[in-house]
Amino acid sequence: MRYILENEAIRASIDSYGAELRSLAGIKSGREYLWQADPAYWNRTSPVLFPFVGRLKRNQYQYQGKTYPMRQHGFARDQEFAVTAHSAAKIEFMLQDDEETRKVYPFHFQLFISYELAGSKIIVHWRVRNTEKEVMHFSIGSHPAFLCPFTEEEKTCRLQFDQGGPLSYQQLDDNYLCREACNDLPLQDKIWSFEKNVFDHDVLIFPNYQIKQVSILKKNGNPYLTLDFYAPVVGIWSPPKKDAPFICIEPWFGRCDSAEEARCLEEREFNNALSGGAEFSSLWNPD
């Protein structure tokens, strides 16, 4: 079911299936900022990645001596969420473990995702609650796709970072696992100008809190959208070899498996461990 949030500046549409943000548009301009899931390029808009981010080696993981299957990016994006609160400017969704989720992820949890309008911003808030006594291990991330270039006339896509660079990034191998080797991304005055073929080997992964803000620039150099976040890993992606008219800027608390070695769940890089009864909380916001 689709739910609408609206104020004097922006209008948002969120689907209860996956608690996915599906539209973000300016009220006065009527302009849409989010990719609208044309399957010719990519059939999603802004999925939530939980309880894993990225691909696992052999699409499985080990926990306490047992092997569990897990598809890329986990299962939350393909689950129906319950609405726990709804007003004109804010909505909150909740996903809770059940018999089916525990077949592939043996933890008891509640995942809350809320969206709140504040002027021209939409604040996205994640809460993960461990509802059992044992330690819970998880990853969570976002995968929002923003139109880029902003208009058909502009043709180019440029990003501006809060850091002057060079930034260090990792890439994937042919099995969508993370290579340990790092590459430098040179910037000019904090700006990255690029062709979409830079994603021919899939996502660029920026680890270790290098990036906390990204702006997508218009042709005149002014930002048309800025994302603020505080996450240990950021992915930047557009579909390989498609010259797609959008860019994904993805704050992650987690990452795909390393191509060099497979680790058990407790030892995975960028793993999050939540003690019994505790809660994890984080937010990010496009403006």
# chains A, B, ... in the order shown; residues from 1 in each chain; ligands from 1

call {"tool": "select_by_dssp", "arguments": {"residues": "region 213-269 of chain A", "states": "strand (DSSP E)", "output": "compact mmCIF listing (two decimals) with C-alpha atoms, in the first residue's frame"}}
result
# COMPACT_ATOMS: atom_id res chain seq x y z
CA GLN A 213 27.84 14.37 2.53
CA VAL A 214 27.25 14.11 -1.22
CA SER A 215 25.59 16.68 -3.48
CA ILE A 216 24.37 16.05 -7.02
CA LEU A 217 25.13 19.13 -9.11
CA PRO A 223 23.41 21.34 -5.95
CA TYR A 224 19.92 20.16 -6.74
CA LEU A 225 20.01 17.53 -3.99
CA THR A 226 22.29 16.90 -1.00
CA LEU A 227 22.48 13.77 1.17
CA ASP A 228 23.80 13.89 4.74
CA VAL A 233 30.67 2.60 4.21
CA VAL A 234 29.18 4.40 1.21
CA GLY A 235 28.39 2.78 -2.13
CA ILE A 236 27.99 4.77 -5.35
CA TRP A 237 26.37 2.87 -8.20
CA PHE A 246 20.24 7.89 -12.34
CA ILE A 247 22.87 7.49 -9.65
CA CYS A 248 22.60 5.62 -6.34
CA ILE A 249 24.26 7.10 -3.25
CA GLU A 250 24.12 4.45 -0.54
CA PRO A 251 25.01 4.81 3.16
CA TRP A 252 25.79 1.35 4.54
CA PHE A 253 26.40 -0.19 7.93

call {"tool": "residues_around", "arguments": {"residues": "Phe107 (chain A)", "least_positions_apart": "2", "cutoff": "9 Å", "atoms": "only C-alpha atoms", "output": "compact mmCIF listing (two decimals) with N, CA and C atoms, in the first residue's frame"}}
result
# COMPACT_ATOMS: atom_id res chain seq x y z
N ASP A 97 10.62 -10.36 13.02
CA ASP A 97 10.97 -11.73 12.63
C ASP A 97 9.76 -12.65 12.73
N THR A 101 11.51 -15.91 8.37
CA THR A 101 12.79 -15.20 8.43
C THR A 101 13.80 -15.98 9.24
N ARG A 102 13.36 -16.69 10.28
CA ARG A 102 14.30 -17.41 11.13
C ARG A 102 14.89 -18.65 10.46
N TYR A 105 17.70 -16.49 8.91
CA TYR A 105 18.34 -15.50 9.79
C TYR A 105 17.85 -15.77 11.21
N PHE A 109 14.02 -10.00 16.11
CA PHE A 109 14.29 -8.58 15.92
C PHE A 109 13.02 -7.82 15.58
N ASN A 130 16.96 -5.63 19.11
CA ASN A 130 17.18 -7.04 19.41
C ASN A 130 16.18 -7.45 20.49
N THR A 131 15.26 -8.34 20.15
CA THR A 131 14.19 -8.70 21.08
C THR A 131 14.46 -10.01 21.82
N GLU A 132 15.72 -10.47 21.79
CA GLU A 132 16.06 -11.66 22.56
C GLU A 132 17.27 -11.36 23.43
N GLU A 134 20.28 -13.13 23.39
CA GLU A 134 21.55 -13.39 22.73
C GLU A 134 21.96 -12.21 21.85
N VAL A 135 23.26 -12.08 21.58
CA VAL A 135 23.76 -11.02 20.69
C VAL A 135 23.25 -11.24 19.28
N MET A 136 22.83 -10.17 18.65
CA MET A 136 22.31 -10.19 17.28
C MET A 136 23.33 -9.54 16.35
N HIS A 137 23.58 -10.17 15.20
CA HIS A 137 24.52 -9.65 14.21
C HIS A 137 23.76 -9.26 12.95

call {"tool": "atom_distance", "arguments": {"atom1": "CA of Gly65 (chain A)", "atom2": "CA of Leu177 (chain A)"}}
result
22.5 Å

call {"tool": "atom_distance", "arguments": {"atom1": "CA of His201 (chain A)", "atom2": "CA of Tyr176 (chain A)"}}
result
9.1 Å

call {"tool": "select_by_dssp", "arguments": {"residues": "region 100-150 of chain A", "states": "alpha helix (DSSP H)", "output": "list in words"}}
result
Thr101, Arg102, Lys103 and Val104 of chain A

call {"tool": "write_last_selection", "arguments": {"atoms": "C-alpha atoms", "output": "PDB file, in the first residue's frame"}}
result
ATOM      1  CA  THR A 101      12.788 -15.199   8.432  1.00  0.00           C
ATOM      2  CA  ARG A 102      14.299 -17.412  11.133  1.00  0.00           C
ATOM      3  CA  LYS A 103      14.902 -20.154   8.567  1.00  0.00           C
ATOM      4  CA  VAL A 104      17.532 -17.924   6.946  1.00  0.00           C
TER       5      VAL A 104
END

call {"tool": "atom_distance", "arguments": {"atom1": "CA of Ile123 (chain A)", "atom2": "CA of Pro286 (chain A)"}}
result
7.1 Å

call {"tool": "decode", "arguments": {"residues": "region 236-286 of chain A", "atoms": "N, CA and C atoms", "output": "compact mmCIF listing (two decimals), in the first residue's frame"}}
result
# COMPACT_ATOMS: atom_id res chain seq x y z
N ILE A 236 28.49 3.92 -4.27
CA ILE A 236 27.99 4.77 -5.35
C ILE A 236 27.87 3.88 -6.59
N TRP A 237 26.67 3.88 -7.19
CA TRP A 237 26.37 2.87 -8.20
C TRP A 237 25.41 3.40 -9.25
N SER A 238 25.61 2.90 -10.46
CA SER A 238 24.63 3.00 -11.53
C SER A 238 24.75 1.70 -12.32
N PRO A 239 23.69 1.19 -12.94
CA PRO A 239 23.76 -0.12 -13.58
C PRO A 239 24.90 -0.22 -14.60
N PRO A 240 25.70 -1.27 -14.53
CA PRO A 240 26.83 -1.41 -15.44
C PRO A 240 26.40 -1.46 -16.90
N LYS A 241 27.13 -0.70 -17.72
CA LYS A 241 27.01 -0.76 -19.18
C LYS A 241 25.62 -0.43 -19.69
N LYS A 242 24.91 0.44 -18.97
CA LYS A 242 23.56 0.82 -19.40
C LYS A 242 23.39 2.31 -19.60
N ASP A 243 24.36 3.13 -19.17
CA ASP A 243 24.23 4.59 -19.24
C ASP A 243 22.87 5.03 -18.67
N ALA A 244 22.54 4.49 -17.50
CA ALA A 244 21.24 4.75 -16.88
C ALA A 244 21.14 6.21 -16.42
N PRO A 245 19.94 6.79 -16.47
CA PRO A 245 19.77 8.21 -16.12
C PRO A 245 19.59 8.45 -14.62
N PHE A 246 20.33 7.70 -13.79
CA PHE A 246 20.24 7.89 -12.34
C PHE A 246 21.54 7.44 -11.69
N ILE A 247 21.71 7.87 -10.45
CA ILE A 247 22.87 7.49 -9.65
C ILE A 247 22.38 7.11 -8.26
N CYS A 248 22.94 6.04 -7.70
CA CYS A 248 22.60 5.62 -6.34
C CYS A 248 23.71 6.04 -5.38
N ILE A 249 23.34 6.71 -4.31
CA ILE A 249 24.26 7.10 -3.25
C ILE A 249 23.78 6.38 -2.00
N GLU A 250 24.61 5.46 -1.46
CA GLU A 250 24.12 4.45 -0.54
C GLU A 250 24.89 4.40 0.78
N PRO A 251 24.38 4.98 1.85
CA PRO A 251 25.01 4.81 3.16
C PRO A 251 24.78 3.39 3.68
N TRP A 252 25.87 2.74 4.10
CA TRP A 252 25.79 1.35 4.54
C TRP A 252 26.42 1.18 5.92
N PHE A 253 25.79 0.36 6.73
CA PHE A 253 26.40 -0.19 7.93
C PHE A 253 26.63 -1.67 7.65
N GLY A 254 27.57 -1.96 6.78
CA GLY A 254 27.84 -3.31 6.34
C GLY A 254 28.42 -3.28 4.94
N ARG A 255 28.77 -4.46 4.44
CA ARG A 255 29.38 -4.56 3.12
C ARG A 255 29.30 -6.00 2.66
N CYS A 256 29.45 -6.24 1.36
CA CYS A 256 29.49 -7.60 0.84
C CYS A 256 30.71 -8.34 1.37
N ASP A 257 30.72 -9.64 1.21
CA ASP A 257 31.86 -10.45 1.65
C ASP A 257 33.12 -10.08 0.88
N SER A 258 34.25 -10.33 1.51
CA SER A 258 35.54 -10.17 0.85
C SER A 258 35.75 -11.27 -0.18
N ALA A 259 36.37 -10.92 -1.31
CA ALA A 259 36.69 -11.92 -2.32
C ALA A 259 37.82 -12.83 -1.87
N GLU A 260 38.64 -12.35 -0.92
CA GLU A 260 39.82 -13.09 -0.50
C GLU A 260 39.53 -14.18 0.52
N GLU A 261 38.57 -13.96 1.40
CA GLU A 261 38.29 -14.96 2.43
C GLU A 261 36.83 -14.87 2.87
N ALA A 262 36.31 -16.01 3.32
CA ALA A 262 34.96 -16.06 3.87
C ALA A 262 35.06 -16.12 5.39
N ARG A 263 34.34 -15.26 6.07
CA ARG A 263 34.37 -15.23 7.54
C ARG A 263 33.00 -15.61 8.07
N CYS A 264 32.98 -16.16 9.28
CA CYS A 264 31.70 -16.46 9.92
C CYS A 264 31.00 -15.13 10.24
N LEU A 265 29.73 -15.22 10.53
CA LEU A 265 28.91 -14.02 10.69
C LEU A 265 29.50 -13.05 11.71
N GLU A 266 29.96 -13.55 12.84
CA GLU A 266 30.46 -12.68 13.90
C GLU A 266 31.73 -11.93 13.50
N GLU A 267 32.46 -12.41 12.49
CA GLU A 267 33.75 -11.83 12.14
C GLU A 267 33.72 -11.07 10.82
N ARG A 268 32.55 -10.92 10.22
CA ARG A 268 32.47 -10.20 8.94
C ARG A 268 32.87 -8.74 9.12
N GLU A 269 33.52 -8.18 8.11
CA GLU A 269 33.91 -6.77 8.16
C GLU A 269 32.67 -5.88 8.22
N PHE A 270 32.75 -4.86 9.04
CA PHE A 270 31.67 -3.90 9.24
C PHE A 270 30.42 -4.55 9.82
N ASN A 271 30.62 -5.67 10.51
CA ASN A 271 29.52 -6.32 11.22
C ASN A 271 29.02 -5.44 12.37
N ASN A 272 27.73 -5.49 12.64
CA ASN A 272 27.14 -4.79 13.78
C ASN A 272 26.63 -5.83 14.77
N ALA A 273 27.07 -5.72 16.01
CA ALA A 273 26.66 -6.66 17.06
C ALA A 273 25.81 -5.91 18.07
N LEU A 274 24.60 -6.41 18.31
CA LEU A 274 23.64 -5.74 19.17
C LEU A 274 23.31 -6.67 20.34
N SER A 275 23.59 -6.22 21.54
CA SER A 275 23.36 -7.07 22.72
C SER A 275 21.87 -7.26 22.98
N GLY A 276 21.55 -8.23 23.80
CA GLY A 276 20.15 -8.55 24.08
C GLY A 276 19.36 -7.37 24.60
N GLY A 277 18.21 -7.10 23.97
CA GLY A 277 17.35 -6.00 24.39
C GLY A 277 17.80 -4.63 23.94
N ALA A 278 18.94 -4.52 23.27
CA ALA A 278 19.48 -3.22 22.86
C ALA A 278 18.90 -2.78 21.52
N GLU A 279 19.17 -1.53 21.17
CA GLU A 279 18.64 -0.95 19.94
C GLU A 279 19.70 -0.16 19.21
N PHE A 280 19.78 -0.35 17.91
CA PHE A 280 20.64 0.42 17.02
C PHE A 280 19.79 1.51 16.36
N SER A 281 20.38 2.70 16.16
CA SER A 281 19.64 3.80 15.56
C SER A 281 20.56 4.61 14.65
N SER A 282 20.05 4.99 13.49
CA SER A 282 20.80 5.86 12.59
C SER A 282 19.82 6.54 11.64
N LEU A 283 20.25 7.67 11.08
CA LEU A 283 19.38 8.36 10.12
C LEU A 283 20.21 8.98 9.02
N TRP A 284 19.55 9.22 7.88
CA TRP A 284 20.15 9.96 6.78
C TRP A 284 19.06 10.79 6.15
N ASN A 285 19.43 11.85 5.44
CA ASN A 285 18.39 12.69 4.88
C ASN A 285 18.81 13.37 3.58
N PRO A 286 17.96 13.23 2.55
CA PRO A 286 18.13 14.01 1.33
C PRO A 286 17.47 15.37 1.50
